[in-house]
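Please read the structure below before turning to the comments.
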Amino acid sequence: MTIRALSLPPTDTEIDDWIAVLAAAQAADRPQGPPPTRTEVAGRLRVTPARGRAALWTTDEGTGVAALVLFKDEANAHTAFLDLIAVHPDARRRGLGRALWEQVRAELLAHGRTSVSTVVDLGGPGQAFAESLGFENVLPMAWYEQDVTRQQPATGTPDATPGRAAGEVPVPVAPGYELRAWHGLVPDDWAAPLATAHGAMEDAPMGDIDEKIEAWTPQRLHAAHRLVLDRGGEITTAAAVTPQGEVAAYTELVLPDPTGPRALQYDTVVAPAHRGHGLGRTVKLHMLEQARHRYPALRRIATTVADENTPMRAVNESLGYRLDRPAAYYQLTL
């Protein structure tokens, strides 16, 4: 068995082989889930976050793959994120997964990392494998999915306001707030208020995750959104704003493959001073109304919520999100 590092960026053949492993593993472990698309996988392999350095490995036989992100920002130079270890079902129980892990572990130690985290679906082979390596559950959470095709449009009359899609229904919002939506990069004059609102994520449940929250700035905000675009995806930010120019609440919708039927709900945040007005639910409804008209092929939206985040779980349930599968952040101290 030979494990080798992938080219950076990977070749088309390496990407095709990588997708074949992921597709086979998912078909065996989670057949109800959508198969990986080439746009999404190629984007993640070719474009690494600005705050991290990618390390990618595969076997010469093309039966196993591993991906690691080593954070570069000073606050997280001690830790890393294990994006995945996947083994083709036909090659399992031969020690290949553990051999890939030993390669990952050697890389972590060579760069002075003292911890590594990963996201694991509970109840499957990934959990058993992670626990056999010494990983521990530090933040229980779950994946939730919303069936967009079953959602009713927001109550109201189709609007012909300039800037809105034809037939778009305006979403009611609490007095003193206005709804906005931006596709792609947020305009420069709203980047700073949105970055400030992002800072409210600091009170979101994080369990015992070793990774430190990096301060949000307009530059970091644009870099995060540009990453989605550079990987071939699209991002929409829906927000509730005030006449004073504050972003009181926002949510982000990401389509890793804009032609596909599935999207990811990223952060949803309500600034502390603006809570109690139903803005979390409002911006999600506004985002959904935008998505109806912009992405007619969209069928499902998936998101993760920490088990202890009771308010957001209640908002999601009211919007039709249903439990898909339990998961957790797992972490290992080296």
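Chain labels A, B, ... are given in the sequence in which chains occur in the structure tokens; within each chain residues are numbered consecutively from 1, and ligands are likewise numbered from 1 in the order shown.
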Point to revise | All residues 7 Å or closer to stretch 9-25 of chain A, only C-alpha atoms, same chain fewer than 6 positions away omitted, as a ChimeraX atom specification | key: /A:35-36,41-42,45-46,62-65,86-89
Please list as a short mmCIF file (atom, residue, chain, number, x, y, z; two decimals) with N, CA, C and O atoms, in the first residue's frame every residue within 7 Å of A:Asn137, counting only C-alpha atoms and excluding residues in the same chain fewer than 2 positions away.
data_model
loop_
_atom_site.label_atom_id
_atom_site.label_comp_id
_atom_site.auth_asym_id
_atom_site.auth_seq_id
_atom_site.Cartn_x
_atom_site.Cartn_y
_atom_site.Cartn_z
N PHE A 135 -10.41 10.24 19.15
CA PHE A 135 -11.22 11.46 19.05
C PHE A 135 -12.38 11.40 20.04
O PHE A 135 -12.93 10.33 20.32
N LEU A 139 -18.86 18.66 20.62
CA LEU A 139 -20.02 19.50 20.33
C LEU A 139 -21.08 18.68 19.59
O LEU A 139 -21.04 18.56 18.38
N PRO A 140 -22.06 18.13 20.32
CA PRO A 140 -23.14 17.41 19.66
C PRO A 140 -24.00 18.37 18.83
O PRO A 140 -24.32 19.47 19.26
N ALA A 328 -21.59 15.46 15.06
CA ALA A 328 -20.87 16.10 16.15
C ALA A 328 -19.51 16.56 15.66
O ALA A 328 -18.95 16.00 14.72
N TYR A 329 -19.00 17.60 16.32
CA TYR A 329 -17.58 17.94 16.19
C TYR A 329 -16.82 16.98 17.10
O TYR A 329 -17.12 16.85 18.28
N TYR A 330 -15.85 16.29 16.52
CA TYR A 330 -14.95 15.42 17.30
C TYR A 330 -13.57 16.06 17.30
O TYR A 330 -13.16 16.70 16.33
N GLN A 331 -12.86 15.88 18.39
CA GLN A 331 -11.54 16.50 18.53
C GLN A 331 -10.56 15.54 19.19
O GLN A 331 -10.95 14.75 20.04
#
Check your understanding: If you count only C-alpha atoms, which residues fall within 8 Å of A:Arg53, apart from same-chain ones fewer than 4 positions away, as JSON, numbers by chain?
Key -> {"A": [48, 49, 69, 70, 71, 72]}
Give me a file of those residues, with N, CA and C atoms, as a PDB file, in the first residue's frame.
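Here's the written file part.pdb:
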ATOM      1  N   THR A  48      -8.153  26.484  -1.640  1.00  0.00           N
ATOM      2  CA  THR A  48      -8.066  26.351  -0.191  1.00  0.00           C
ATOM      3  C   THR A  48      -8.411  27.677   0.473  1.00  0.00           C
ATOM      4  N   PRO A  49      -9.073  27.651   1.654  1.00  0.00           N
ATOM      5  CA  PRO A  49      -9.335  28.911   2.350  1.00  0.00           C
ATOM      6  C   PRO A  49      -8.056  29.699   2.588  1.00  0.00           C
ATOM      7  N   VAL A  69      -6.771  20.522   6.622  1.00  0.00           N
ATOM      8  CA  VAL A  69      -6.546  21.963   6.506  1.00  0.00           C
ATOM      9  C   VAL A  69      -5.770  22.418   7.738  1.00  0.00           C
ATOM     10  N   LEU A  70      -4.572  22.947   7.513  1.00  0.00           N
ATOM     11  CA  LEU A  70      -3.730  23.486   8.576  1.00  0.00           C
ATOM     12  C   LEU A  70      -3.953  24.993   8.634  1.00  0.00           C
ATOM     13  N   PHE A  71      -4.531  25.468   9.735  1.00  0.00           N
ATOM     14  CA  PHE A  71      -4.819  26.890   9.841  1.00  0.00           C
ATOM     15  C   PHE A  71      -3.526  27.704   9.879  1.00  0.00           C
ATOM     16  N   LYS A  72      -3.570  28.875   9.253  1.00  0.00           N
ATOM     17  CA  LYS A  72      -2.394  29.729   9.192  1.00  0.00           C
ATOM     18  C   LYS A  72      -2.498  30.958  10.084  1.00  0.00           C
TER      19      LYS A  72
END
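You will find atom CA of A:Pro193 at 5.6 Å from atom CA of A:Glu246.
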Study note, to complete from the structure: From the list A:Ala240, A:Val283, A:Val254, A:Ala297, the nearest residue to A:Glu40 using only C-alpha atoms is A:Val254
Point to revise | A:Asp257 surroundings by only C-alpha atoms, 9 Å radius, close-in-sequence under 3 positions cut, as an MDAnalysis selection string | key: chainID A and resid 37:40 231:234 254 260:263
**Study point:** Residues near A:Ala130, cut-off 12 Å, only C-alpha atoms, skip fewer than 2 positions along chain, as a ChimeraX atom specification
**Key:** /A:82,84-86,97-98,101,116-128,132-137,328-332
Point to revise | From A:Gln103, A:Gln32, A:Thr59, A:Asn76, residue lying nearest A:Arg4 [only C-alpha atoms] | key: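 Comparing A:Gln103, A:Gln32, A:Thr59, A:Asn76 against A:Arg4, the winner is A:Thr59.
In this structure, atom CA of A:Asp83 sits 17.3 Å away from atom CA of A:Ala142.
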**Study point:** Nearest residue to A:Ile235 from the set A:Trp190, A:Trp57, A:Phe81, A:Tyr266 (distances using only C-alpha atoms)
**Key:**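 Nearest to A:Ile235: A:Tyr266.
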Review point. Hey, can you check how far atom CA of A:Ala197 sits from atom CA of A:Tyr250?
Key: 7.9 Å
Point to revise | In stretch 94-131 of chain A, DSSP strand (DSSP E) residues written as JSON, numbers by chain | key: {"A": [115, 116, 117, 118, 119, 120, 121]}
Check your understanding: Nearest to A:Leu279: which of A:Leu194, A:Met201, A:Val171, A:Leu229 is it, counting only C-alpha atoms?
Key -> A:Val171
Practice item. Based on DSSP run over this structure's backbone, return all residues of stretch 50-277 of chain A in helix (DSSP H, G or I), as a PyMOL selection string. Key: chain A and resi 74-76+89-91+96-110+125-132+148-150+188-203+218-230+272-274
Point to revise | All residues 10 Å or closer to A:Gly320, only C-alpha atoms, same chain fewer than 4 positions away omitted, as a PyMOL selection string | key: chain A and resi 144-148+150-151+315-316
Practice item. Pick out the closest residue to A:Ser7 from this set: A:Ala306, A:His274, A:Leu56, A:Arg313. Count only C-alpha atoms. Key: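 That would be A:Leu56, the residue with the smallest distance to A:Ser7.
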Review point. Which polymer residues have any atom within 9 Å of an atom of A:Leu285, counting only C-alpha atoms, with same-chain residues fewer than 3 positions away left out, as a ChimeraX atom specification?
Key: /A:153-154,171,280-282,288-290,319
For all heavy atoms, I'd like the residues from the last selection saved as an mmCIF file, in the first residue's frame.
data_model
loop_
_atom_site.group_PDB
_atom_site.id
_atom_site.type_symbol
_atom_site.label_atom_id
_atom_site.label_comp_id
_atom_site.auth_asym_id
_atom_site.auth_seq_id
_atom_site.Cartn_x
_atom_site.Cartn_y
_atom_site.Cartn_z
ATOM 1 N N PRO A 153 -45.083 30.005 -0.258
ATOM 2 C CA PRO A 153 -44.513 31.351 -0.340
ATOM 3 C C PRO A 153 -44.959 32.199 0.846
ATOM 4 O O PRO A 153 -45.978 31.929 1.476
ATOM 5 C CB PRO A 153 -45.071 31.898 -1.663
ATOM 6 C CG PRO A 153 -45.467 30.689 -2.441
ATOM 7 C CD PRO A 153 -45.896 29.669 -1.434
ATOM 8 N N ALA A 154 -44.178 33.234 1.141
ATOM 9 C CA ALA A 154 -44.529 34.147 2.221
ATOM 10 C C ALA A 154 -45.891 34.781 1.940
ATOM 11 O O ALA A 154 -46.285 35.000 0.802
ATOM 12 C CB ALA A 154 -43.464 35.216 2.355
ATOM 13 N N VAL A 171 -41.655 39.720 2.257
ATOM 14 C CA VAL A 171 -41.775 39.068 3.560
ATOM 15 C C VAL A 171 -42.043 40.132 4.624
ATOM 16 O O VAL A 171 -41.327 41.141 4.682
ATOM 17 C CB VAL A 171 -40.485 38.301 3.889
ATOM 18 C CG1 VAL A 171 -40.548 37.717 5.286
ATOM 19 C CG2 VAL A 171 -40.243 37.202 2.852
ATOM 20 N N GLY A 280 -34.680 36.418 13.122
ATOM 21 C CA GLY A 280 -34.040 35.206 12.627
ATOM 22 C C GLY A 280 -34.935 34.478 11.639
ATOM 23 O O GLY A 280 -34.504 34.074 10.553
ATOM 24 N N ARG A 281 -36.202 34.331 12.001
ATOM 25 C CA ARG A 281 -37.154 33.673 11.111
ATOM 26 C C ARG A 281 -37.403 34.531 9.866
ATOM 27 O O ARG A 281 -37.520 34.013 8.751
ATOM 28 C CB ARG A 281 -38.461 33.423 11.854
ATOM 29 C CG ARG A 281 -39.470 32.575 11.086
ATOM 30 C CD ARG A 281 -40.681 32.246 11.966
ATOM 31 N NE ARG A 281 -41.519 31.252 11.322
ATOM 32 C CZ ARG A 281 -42.462 31.529 10.430
ATOM 33 N NH1 ARG A 281 -42.665 32.788 10.071
ATOM 34 N NH2 ARG A 281 -43.186 30.570 9.887
ATOM 35 N N THR A 282 -37.448 35.844 10.049
ATOM 36 C CA THR A 282 -37.741 36.739 8.933
ATOM 37 C C THR A 282 -36.668 36.676 7.858
ATOM 38 O O THR A 282 -36.970 36.580 6.663
ATOM 39 C CB THR A 282 -37.883 38.185 9.437
ATOM 40 O OG1 THR A 282 -38.990 38.256 10.349
ATOM 41 C CG2 THR A 282 -38.135 39.141 8.284
ATOM 42 N N LEU A 288 -35.371 32.422 1.570
ATOM 43 C CA LEU A 288 -36.095 31.377 0.851
ATOM 44 C C LEU A 288 -36.848 31.969 -0.343
ATOM 45 O O LEU A 288 -36.887 31.377 -1.425
ATOM 46 C CB LEU A 288 -37.060 30.673 1.799
ATOM 47 C CG LEU A 288 -37.824 29.480 1.248
ATOM 48 C CD1 LEU A 288 -36.872 28.398 0.762
ATOM 49 C CD2 LEU A 288 -38.765 28.922 2.314
ATOM 50 N N GLU A 289 -37.431 33.149 -0.159
ATOM 51 C CA GLU A 289 -38.158 33.790 -1.254
ATOM 52 C C GLU A 289 -37.203 34.168 -2.383
ATOM 53 O O GLU A 289 -37.522 34.028 -3.566
ATOM 54 C CB GLU A 289 -38.877 35.031 -0.719
ATOM 55 C CG GLU A 289 -39.939 35.568 -1.650
ATOM 56 C CD GLU A 289 -41.091 34.597 -1.872
ATOM 57 O OE1 GLU A 289 -41.379 33.770 -0.978
ATOM 58 O OE2 GLU A 289 -41.686 34.653 -2.965
ATOM 59 N N GLN A 290 -36.004 34.631 -2.025
ATOM 60 C CA GLN A 290 -34.996 34.917 -3.043
ATOM 61 C C GLN A 290 -34.621 33.657 -3.815
ATOM 62 O O GLN A 290 -34.509 33.657 -5.041
ATOM 63 C CB GLN A 290 -33.734 35.495 -2.375
ATOM 64 C CG GLN A 290 -33.917 36.835 -1.695
ATOM 65 C CD GLN A 290 -33.973 37.967 -2.687
ATOM 66 O OE1 GLN A 290 -33.210 37.987 -3.651
ATOM 67 N NE2 GLN A 290 -34.866 38.915 -2.469
ATOM 68 N N LEU A 319 -39.971 26.609 10.275
ATOM 69 C CA LEU A 319 -39.826 26.823 8.838
ATOM 70 C C LEU A 319 -39.849 25.518 8.041
ATOM 71 O O LEU A 319 -39.690 25.543 6.818
ATOM 72 C CB LEU A 319 -38.519 27.568 8.553
ATOM 73 C CG LEU A 319 -38.472 29.019 9.049
ATOM 74 C CD1 LEU A 319 -37.063 29.578 8.918
ATOM 75 C CD2 LEU A 319 -39.454 29.883 8.280
#
Check your understanding: Which one of A:Val269, A:Ala50, A:Val104, A:Ala91 sits closest to A:Leu68 if you count only C-alpha atoms?
Key ->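 Smallest distance to A:Leu68 is found for A:Val104.
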